[in-house]
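Coordinates from target.cif are shown below (mmCIF, C-alpha atoms).
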```cif
data_run
#
loop_
_atom_site.label_atom_id
_atom_site.label_comp_id
_atom_site.auth_asym_id
_atom_site.auth_seq_id
_atom_site.Cartn_x
_atom_site.Cartn_y
_atom_site.Cartn_z
CA MET A 1377 106.64 83.47 105.13
CA LYS A 1378 107.00 79.93 106.44
CA GLN A 1379 105.54 78.96 109.80
CA SER A 1380 107.90 76.90 111.96
CA ARG A 1381 106.82 73.60 113.50
CA LEU A 1382 107.08 75.16 116.96
CA MET A 1383 104.80 78.05 116.04
CA SER A 1384 102.37 75.59 114.43
CA LEU A 1385 102.25 73.73 117.74
CA VAL A 1386 101.88 76.94 119.79
CA GLU A 1387 99.00 78.12 117.59
CA SER A 1388 97.30 74.74 117.79
CA VAL A 1389 97.64 74.58 121.57
CA ALA A 1390 96.27 78.12 122.03
CA ASN A 1391 93.33 77.30 119.80
CA VAL A 1392 92.58 74.09 121.66
CA ILE A 1393 92.84 75.69 125.13
CA VAL A 1394 90.01 78.02 124.18
CA GLY A 1395 88.17 75.08 122.61
CA TYR A 1396 88.59 73.08 125.84
CA GLY A 1397 86.59 75.64 127.80
CA VAL A 1398 83.91 75.75 125.14
CA ALA A 1399 83.75 71.94 124.99
CA VAL A 1400 83.40 71.47 128.75
CA LEU A 1401 80.73 74.16 128.96
CA THR A 1402 78.89 72.58 126.03
CA GLN A 1403 79.06 69.14 127.67
CA ILE A 1404 77.66 70.56 130.91
CA LEU A 1405 74.77 72.19 129.06
CA ILE A 1406 74.02 69.56 126.40
CA PHE A 1407 74.62 66.18 128.07
CA PRO A 1408 71.57 66.45 130.37
CA ILE A 1409 69.34 67.10 127.36
CA PHE A 1410 70.32 63.63 126.13
CA GLY A 1411 69.93 62.02 129.54
CA LEU A 1412 73.66 61.91 130.25
CA HIS A 1413 74.43 63.03 133.79
CA THR A 1414 78.11 63.52 134.56
CA THR A 1415 80.06 65.22 137.31
CA LEU A 1416 82.25 68.24 136.70
CA ALA A 1417 85.32 66.03 137.19
CA GLN A 1418 84.07 63.62 134.51
CA ASN A 1419 83.40 66.52 132.13
CA LEU A 1420 86.90 67.88 132.73
CA LYS A 1421 88.48 64.46 132.11
CA MET A 1422 86.51 63.91 128.91
CA GLY A 1423 87.41 67.42 127.80
CA ALA A 1424 91.08 66.66 128.43
CA ILE A 1425 90.95 63.55 126.26
CA PHE A 1426 89.26 65.45 123.44
CA THR A 1427 91.80 68.25 123.86
CA VAL A 1428 94.80 65.97 123.39
CA MET A 1429 93.21 64.48 120.28
CA SER A 1430 92.36 67.94 118.97
CA ILE A 1431 95.93 69.19 119.41
CA ALA A 1432 97.29 66.20 117.51
CA ARG A 1433 94.71 66.60 114.72
CA SER A 1434 95.23 70.34 114.39
CA PHE A 1435 99.02 70.04 114.34
CA ALA A 1436 98.96 67.26 111.74
CA LEU A 1437 96.60 69.18 109.46
CA ARG A 1438 98.61 72.38 109.77
CA ARG A 1439 101.82 70.55 108.85
CA ALA A 1440 100.10 68.84 105.90
CA PHE A 1441 98.84 72.15 104.54
CA GLU A 1442 102.26 73.74 105.08
CA ALA A 1443 103.84 70.90 103.09
CA ILE A 1444 101.31 71.44 100.28
CA ARG A 1445 102.02 75.17 100.29
CA MET A 1446 105.78 74.62 100.18
CA ARG A 1447 105.45 72.06 97.34
CA SER A 1448 103.38 74.45 95.23
CA ALA A 1449 105.77 77.34 95.89
CA LYS A 1450 108.67 75.51 94.17
#
```

Could you write out this structure as structure tokens?
Amino acid sequence: MKQSRLMSLVESVANVIVGYGVAVLTQILIFPIFGLHTTLAQNLKMGAIFTVMSIARSFALRRAFEAIRMRSAK
């Protein structure tokens, strides 16, 4: 069964939304250990930037692997 581009995007976005929460929480807990002191707003903004990049990366990789799968199925 082939996954559509839209469903690839939906899956990637759902995955990254969960990852966003984990990333922000990790930043809040880990940054102070390394002497980085940020506000919640700064953590949320950084998390948003990483989220956009993660969605793009995840979508691109999923499409690449789908193309490989389709090529080998011929």

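Once the PyMOL selection byres ((chain A and resi 1430) around 10) is applied to the depicted file, the selected set reads Ser1388, Val1389, Asn1391, Val1392, Ile1393, Gly1395, Tyr1396, Ala1424, Ile1425, Phe1426, Thr1427, Val1428, Met1429, Ile1431, Ala1432, Arg1433, Ser1434, Phe1435 and Ala1436 of chain A.
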
Taking the file as I've supplied it (selection: the PyMOL selection byres ((chain A and resi 1417-1420) around 9)), which residues are included? Please answer as a PyMOL selection string. chain A and resi 1396+1399-1401+1403-1404+1414-1416+1421-1425

Write out as JSON an axis-aligned box for range 1402-1407 of chain A: all of its atoms listed in the file, 5 Å added on each side, centre and edge lengths in Å with one decimal.
```
{"center_x": 76.5, "center_y": 69.4, "center_z": 128.5, "size_x": 15.0, "size_y": 16.4, "size_z": 14.9}
```

Atom-to-atom span, CA of Ala1390 in chain A and CA of Leu1405 in chain A, Å: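 Here the two named atoms are 23.4 Å from each other.
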
Name every residue that the PyMOL selection byres ((chain A and resi 1384) around 10) selects in this structure, writing the answer as a PyMOL selection string with chains first and numbers rising. chain A and resi 1379-1383+1385-1389+1434-1439+1442

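Atom to atom, CA of Phe1441 in chain A and CA of Val1398 in chain A stand 25.7 Å apart.
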
Rounded to one decimal place, report the CA of Ile1406 in chain A-CA of Val1394 in chain A distance in Å. 18.2 Å

Can you put N, CA and C atoms back into range 1401-1425 of chain A and show it as a CSV table (one decimal), keeping the file's coordinate frame?
```csv
chain,number,residue,atom,x,y,z
A,1401,LEU,N,82.0,73.4,128.7
A,1401,LEU,CA,80.7,74.2,129.0
A,1401,LEU,C,79.6,73.6,128.1
A,1402,THR,N,79.9,73.2,126.9
A,1402,THR,CA,78.9,72.6,126.0
A,1402,THR,C,78.4,71.2,126.6
A,1403,GLN,N,79.4,70.4,127.1
A,1403,GLN,CA,79.1,69.1,127.7
A,1403,GLN,C,78.1,69.3,128.9
A,1404,ILE,N,78.5,70.3,129.7
A,1404,ILE,CA,77.7,70.6,130.9
A,1404,ILE,C,76.2,70.9,130.5
A,1405,LEU,N,76.1,71.7,129.5
A,1405,LEU,CA,74.8,72.2,129.1
A,1405,LEU,C,74.0,71.2,128.2
A,1406,ILE,N,74.7,70.4,127.4
A,1406,ILE,CA,74.0,69.6,126.4
A,1406,ILE,C,73.8,68.1,126.9
A,1407,PHE,N,74.8,67.6,127.6
A,1407,PHE,CA,74.6,66.2,128.1
A,1407,PHE,C,73.3,65.9,128.8
A,1408,PRO,N,72.8,66.7,129.7
A,1408,PRO,CA,71.6,66.4,130.4
A,1408,PRO,C,70.4,66.4,129.4
A,1409,ILE,N,70.4,67.1,128.3
A,1409,ILE,CA,69.3,67.1,127.4
A,1409,ILE,C,69.2,65.7,126.8
A,1410,PHE,N,70.3,65.0,126.7
A,1410,PHE,CA,70.3,63.6,126.1
A,1410,PHE,C,70.3,62.6,127.2
A,1411,GLY,N,70.0,63.0,128.4
A,1411,GLY,CA,69.9,62.0,129.5
A,1411,GLY,C,71.3,61.6,130.1
A,1412,LEU,N,72.3,62.3,129.8
A,1412,LEU,CA,73.7,61.9,130.2
A,1412,LEU,C,74.0,62.8,131.4
A,1413,HIS,N,74.2,62.2,132.6
A,1413,HIS,CA,74.4,63.0,133.8
A,1413,HIS,C,75.8,62.7,134.3
A,1414,THR,N,76.7,63.7,134.2
A,1414,THR,CA,78.1,63.5,134.6
A,1414,THR,C,78.5,64.6,135.6
A,1415,THR,N,79.5,64.3,136.3
A,1415,THR,CA,80.1,65.2,137.3
A,1415,THR,C,81.0,66.2,136.6
A,1416,LEU,N,81.3,67.3,137.3
A,1416,LEU,CA,82.2,68.2,136.7
A,1416,LEU,C,83.6,67.6,136.4
A,1417,ALA,N,84.0,66.7,137.4
A,1417,ALA,CA,85.3,66.0,137.2
A,1417,ALA,C,85.3,65.2,135.9
A,1418,GLN,N,84.2,64.5,135.7
A,1418,GLN,CA,84.1,63.6,134.5
A,1418,GLN,C,84.1,64.5,133.2
A,1419,ASN,N,83.4,65.6,133.3
A,1419,ASN,CA,83.4,66.5,132.1
A,1419,ASN,C,84.8,67.0,131.9
A,1420,LEU,N,85.5,67.4,132.9
A,1420,LEU,CA,86.9,67.9,132.7
A,1420,LEU,C,87.8,66.8,132.2
A,1421,LYS,N,87.7,65.6,132.6
A,1421,LYS,CA,88.5,64.5,132.1
A,1421,LYS,C,88.2,64.2,130.6
A,1422,MET,N,86.9,64.1,130.3
A,1422,MET,CA,86.5,63.9,128.9
A,1422,MET,C,87.0,65.1,128.0
A,1423,GLY,N,86.9,66.3,128.5
A,1423,GLY,CA,87.4,67.4,127.8
A,1423,GLY,C,88.9,67.3,127.6
A,1424,ALA,N,89.6,66.8,128.6
A,1424,ALA,CA,91.1,66.7,128.4
A,1424,ALA,C,91.4,65.7,127.3
A,1425,ILE,N,90.7,64.6,127.3
A,1425,ILE,CA,91.0,63.6,126.3
A,1425,ILE,C,90.7,64.1,124.9
```
